[in-house]
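Asks: Dropping a structure here in structure tokens format, bear with me for questions.
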Amino acid sequence: MELETIIGLEVHAQMNTKTKMFCACDNNAWEKAPNTTVCPVCMGHPGTLPVVNRAVLEKAVRSSKALKCTVNERSHFDRKNYFYPDLPAGYQISQYKFPLASNGIVKFSVTDPKTNATTQGECRILRLHIENDAGKLMHRANHSLCDYNRAGTPLMEIVTEPDLRSYKEASSFAEELRRILIAAGSSEADMYKGMMRFDASISLRPKGDTKLYPRVEIKNLNSFKALEKALQYQQKVLEKLWSEGKQPTGETTVGWIDDEERTVLLRDKESAADYRYFPEPDIPPLSIGAAFLAAVTQGMEQLPSEMRSAYIALGLTEAEAAMLVDEPQLRERFDAIQVAIQEPKRASSLVLTQLRGFLTEHGKSLADAPSPNQMVELARAISSGTINVNAGKDVLEKMVLTGKAPNVIIKEEGMGQVSDGTTLQKFIDEAIAANPKAIANFKEGKTAALGAIVGAVMKMSKGQADAKKVQELLLKTLTEGT
Ligand SMILES: [Zn+2]
């Protein structure tokens, strides 16, 4: 029996607001001492009142728009009750029945790892809602420690429809979602810092069947790699069950053990009733009007897919366009050069090939890269003929190594292109005298023989002669001489 894989994702993305969701505590807990960015509100003390951070709403609305969701005019918060030591209030303030936004869509590209061929995919977004994060537990040998710095950090939970059909589609979607959230300015989505986490649901069904079978939910996947591996693993488990005629009859929840690359059964999945949801009595319903929507979404940056299309329209390859979209620092330099000289091929060669190459070669990061202004100065020097392309490479390498401006390097090294007629003519006369055979060939009609003379002139000028001018002067010398 041929089986089809059905995957849906729930994504939690930490929002990059200055303060937490319901209090004025610092929202950036990275590398802060445990329990130092807390207050009675985010510690869930009785008698405190949560107040919704306006920036959370603004950023969540921008993200909803970027995901092509409808932002609901009315939404409200609910209490999701459960006990866990990292949840000081004993409940999470989330949105259950009336989420902030619903019905979006994300388009993404999937590259086949074997053939490198790219196909386009689509995944519908069921809903986006906002809620607060819990703290963190650190387990030691015989005890556990609580750090509540993260408690109260705003999260966006984004739930997809079960539209994904392979682990590769799931990770490609997740990567595109990450780009969109970064472009919307709502999350750093730094995987290393755990700012984006996934729960993935997977089920199988006979190909052609339209109904959905009970799914397995894999909890807390913290990287694209873990997402792919866990889905691949769980798919094999399910395929085995189906082949033995023992397909799952109820939903289950499993956890992914990264080191062992396997899942373990956690518990039967809680139903909504287990959480005893009820409307949050301390926060009034949200009412998002047209004026708020317009103000918040005004001047939104292009979506990553739109940016990619624009770069491809300039003549860049898919891979080059993807690189620019994924690396804002490269993009900033490419855009600056493109605006200045309007030569996309030269801009992509300078930024994506040469600059990246030299940074890697010399063990430098993008943070050490020459500034956009310096890159523009270099591009102008090449484009205007002050230096040739090869000299440009040397200048760029020196810029990476010394941090000096290109014009300073060109001056110091005497790298300016030689285009002075008298100097060039002297080189040409010498080259003609030294290459009688090439001249004889040229006179027999073999024009390609001139290459040897131009080469000789370039060598004499240490690569600094203006090759085009040499070609012109040489032809003039030879034709006038005969
Ligand atoms: Zn607080």
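To be explicit about the labels: the chains of the structure tokens are called A, B, and onward in the order shown, and within each one the residues are counted from 1, while ligands get numbers from 1 in the order they are shown.
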Could you list, as a list in words, all the residues within 7 Å of ligand 1, counting only C-alpha atoms and all ligand atoms?
Replies: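 Result of the 7 Å neighbour search around ligand 1: Lys20, Cys23, Ala24, Cys25, Thr37, Val38, Cys39, Pro40, Val41, Cys42, Met43 and Gly152 of chain A.
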Asks: Please save C-alpha atoms of the selected residues as a compact mmCIF listing (two decimals), in the first residue's frame.
Replies:
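File produced: result.txt:
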```txt
# COMPACT_ATOMS: atom_id res chain seq x y z
CA LYS A 20 7.97 41.46 28.55
CA CYS A 23 5.14 43.90 32.68
CA ALA A 24 8.09 46.28 32.25
CA CYS A 25 10.80 43.66 32.91
CA THR A 37 14.76 40.13 35.10
CA VAL A 38 11.59 39.38 37.07
CA CYS A 39 8.90 41.24 38.98
CA PRO A 40 5.73 40.31 40.89
CA VAL A 41 3.69 40.36 37.63
CA CYS A 42 5.78 37.86 35.67
CA MET A 43 6.34 35.84 38.86
CA GLY A 152 6.45 36.47 30.63
```
Asks: Per DSSP on the backbone, what are the strand (DSSP E) residues of segment 87-178 of chain A, as a ChimeraX atom specification?
Replies: /A:91-94,101-111,118-132,136-139,144-147,154-160
Asks: When distances are computed from only C-alpha atoms, which of A:Arg62, A:Arg79, A:Arg262, A:Arg346 shows the smallest separation from Asp282 of chain A?
Replies: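 The shortest atom-to-atom distance to Asp282 of chain A comes from A:Arg79.
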Asks: Rank A:Thr479, A:Glu377, A:Leu177, A:Ser203 by their smallest atom-to-atom distance to Leu241 of chain A, using only C-alpha atoms, and report the top residue only.
Replies: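 That would be A:Ser203, the residue with the smallest distance to Leu241 of chain A.
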Asks: Per DSSP on the backbone, what are the helix (DSSP H, G or I) residues of segment 27-267 of chain A, as a PyMOL selection string?
Replies: chain A and resi 54-66+167-183+224-243
Asks: List the neighbours of segment 364-373 of chain A out to 7 Å using only C-alpha atoms; skip same-chain residues closer than 5 positions along the sequence, and give me the result as a ChimeraX atom specification.
Replies: /A:329,332-333,336,359,399-400,403
Asks: I need the residues from that last selection saved to file as an mmCIF file, in the first residue's frame (with C-alpha atoms), if you can.
Replies:
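New file result-v7.cif:
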```cif
data_model
loop_
_atom_site.group_PDB
_atom_site.id
_atom_site.type_symbol
_atom_site.label_atom_id
_atom_site.label_comp_id
_atom_site.auth_asym_id
_atom_site.auth_seq_id
_atom_site.Cartn_x
_atom_site.Cartn_y
_atom_site.Cartn_z
ATOM 1 C CA GLN A 329 24.775 42.228 5.881
ATOM 2 C CA GLU A 332 23.039 45.808 2.493
ATOM 3 C CA ARG A 333 26.353 45.839 0.586
ATOM 4 C CA ALA A 336 24.395 49.854 -1.983
ATOM 5 C CA LEU A 359 36.216 36.625 4.729
ATOM 6 C CA MET A 399 40.408 45.982 2.572
ATOM 7 C CA VAL A 400 39.367 42.815 4.402
ATOM 8 C CA GLY A 403 40.171 47.764 7.123
#
```
Asks: Rank nothing, just name the residue among A:Gly289, A:Ile6, A:Leu303, A:Leu238 nearest to Lys211 of chain A, using only C-alpha atoms.
Replies: A:Ile6
Asks: Would you mind listing what lies within 12 Å of Gly299 of chain A as a list in words, with only C-alpha atoms counted and same-chain residues fewer than 3 positions away left out?
Replies: Arg62, Ala183, Ala184, Gly185, Leu293, Ala294, Ala295, Val296, Gln302 and Leu303 of chain A
Asks: Excluding Ile182 of chain A and residues on its chain fewer than 4 positions from it, collect all residues at most 10 Å away from it, counting only C-alpha atoms, and give them as an mmCIF file with C-alpha atoms, in the first residue's frame.
Replies:
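Produced file part_19.cif, reproduced below:
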```
data_model
loop_
_atom_site.group_PDB
_atom_site.id
_atom_site.type_symbol
_atom_site.label_atom_id
_atom_site.label_comp_id
_atom_site.auth_asym_id
_atom_site.auth_seq_id
_atom_site.Cartn_x
_atom_site.Cartn_y
_atom_site.Cartn_z
ATOM 1 C CA ASN A 16 11.932 40.795 20.283
ATOM 2 C CA SER A 63 3.718 39.211 11.418
ATOM 3 C CA GLU A 176 10.806 30.479 5.182
ATOM 4 C CA LEU A 177 8.659 31.263 8.235
ATOM 5 C CA ARG A 178 11.808 32.262 10.102
ATOM 6 C CA SER A 186 8.937 40.674 15.301
ATOM 7 C CA SER A 187 11.489 38.052 16.283
ATOM 8 C CA GLU A 188 15.241 37.507 16.081
ATOM 9 C CA ALA A 189 14.273 33.843 15.560
ATOM 10 C CA ASP A 190 17.767 32.861 16.714
ATOM 11 C CA LEU A 303 8.561 39.765 2.138
ATOM 12 C CA PRO A 304 11.515 37.423 1.602
ATOM 13 C CA ASP A 326 19.242 35.221 4.238
#
```
Asks: Can you pull out the residues contacting Val325 of chain A? Cut-off 9 Å, using only C-alpha atoms, and skip same-chain residues under 2 positions away; I want them as a list of chain:residue names.
Replies: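 Those residues are A:Arg179, A:Pro304, A:Ser305, A:Met307, A:Arg308, A:Glu320, A:Ala321, A:Ala322, A:Met323, A:Glu327, A:Pro328, A:Leu330, A:Arg331.
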Asks: Restricted to N, CA and C atoms, what would the selected residues look like written as a PDB file, in the first residue's frame?
Replies:
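The result, written out as part.pdb:
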```
ATOM      1  N   ARG A 179      12.423  33.451   8.055  1.00  0.00           N
ATOM      2  CA  ARG A 179      12.784  34.648   7.278  1.00  0.00           C
ATOM      3  C   ARG A 179      11.682  35.704   7.362  1.00  0.00           C
ATOM      4  N   PRO A 304      10.344  38.099   2.176  1.00  0.00           N
ATOM      5  CA  PRO A 304      11.515  37.423   1.602  1.00  0.00           C
ATOM      6  C   PRO A 304      11.256  36.906   0.184  1.00  0.00           C
ATOM      7  N   SER A 305      10.052  36.358  -0.068  1.00  0.00           N
ATOM      8  CA  SER A 305       9.783  35.812  -1.405  1.00  0.00           C
ATOM      9  C   SER A 305       9.764  36.938  -2.445  1.00  0.00           C
ATOM     10  N   MET A 307      11.494  39.766  -2.194  1.00  0.00           N
ATOM     11  CA  MET A 307      12.890  40.178  -2.364  1.00  0.00           C
ATOM     12  C   MET A 307      13.605  39.228  -3.315  1.00  0.00           C
ATOM     13  N   ARG A 308      13.383  37.919  -3.103  1.00  0.00           N
ATOM     14  CA  ARG A 308      14.050  36.929  -3.966  1.00  0.00           C
ATOM     15  C   ARG A 308      13.681  37.164  -5.427  1.00  0.00           C
ATOM     16  N   GLU A 320      21.919  32.749  -5.498  1.00  0.00           N
ATOM     17  CA  GLU A 320      22.455  34.072  -5.136  1.00  0.00           C
ATOM     18  C   GLU A 320      21.376  34.913  -4.452  1.00  0.00           C
ATOM     19  N   ALA A 321      20.159  34.858  -5.009  1.00  0.00           N
ATOM     20  CA  ALA A 321      19.052  35.623  -4.431  1.00  0.00           C
ATOM     21  C   ALA A 321      18.772  35.145  -3.007  1.00  0.00           C
ATOM     22  N   ALA A 322      18.783  33.816  -2.814  1.00  0.00           N
ATOM     23  CA  ALA A 322      18.498  33.260  -1.482  1.00  0.00           C
ATOM     24  C   ALA A 322      19.559  33.713  -0.484  1.00  0.00           C
ATOM     25  N   MET A 323      20.811  33.741  -0.945  1.00  0.00           N
ATOM     26  CA  MET A 323      21.901  34.143  -0.060  1.00  0.00           C
ATOM     27  C   MET A 323      21.710  35.597   0.404  1.00  0.00           C
ATOM     28  N   GLU A 327      21.112  36.788   4.325  1.00  0.00           N
ATOM     29  CA  GLU A 327      22.217  37.487   4.999  1.00  0.00           C
ATOM     30  C   GLU A 327      22.052  39.003   4.839  1.00  0.00           C
ATOM     31  N   PRO A 328      21.379  39.650   5.795  1.00  0.00           N
ATOM     32  CA  PRO A 328      21.135  41.094   5.661  1.00  0.00           C
ATOM     33  C   PRO A 328      22.417  41.901   5.449  1.00  0.00           C
ATOM     34  N   LEU A 330      25.145  41.015   3.795  1.00  0.00           N
ATOM     35  CA  LEU A 330      25.544  40.928   2.383  1.00  0.00           C
ATOM     36  C   LEU A 330      24.566  41.745   1.537  1.00  0.00           C
ATOM     37  N   ARG A 331      23.280  41.623   1.908  1.00  0.00           N
ATOM     38  CA  ARG A 331      22.235  42.328   1.146  1.00  0.00           C
ATOM     39  C   ARG A 331      22.476  43.836   1.163  1.00  0.00           C
TER      40      ARG A 331
END
```
Asks: Fewer than 6 positions away in the same chain doesn't count, so skip those; otherwise give me all residues within 7 Å of Pro154 of chain A, counting only C-alpha atoms, as a PyMOL selection string.
Replies: chain A and resi 14-15+20-21+56+130-133
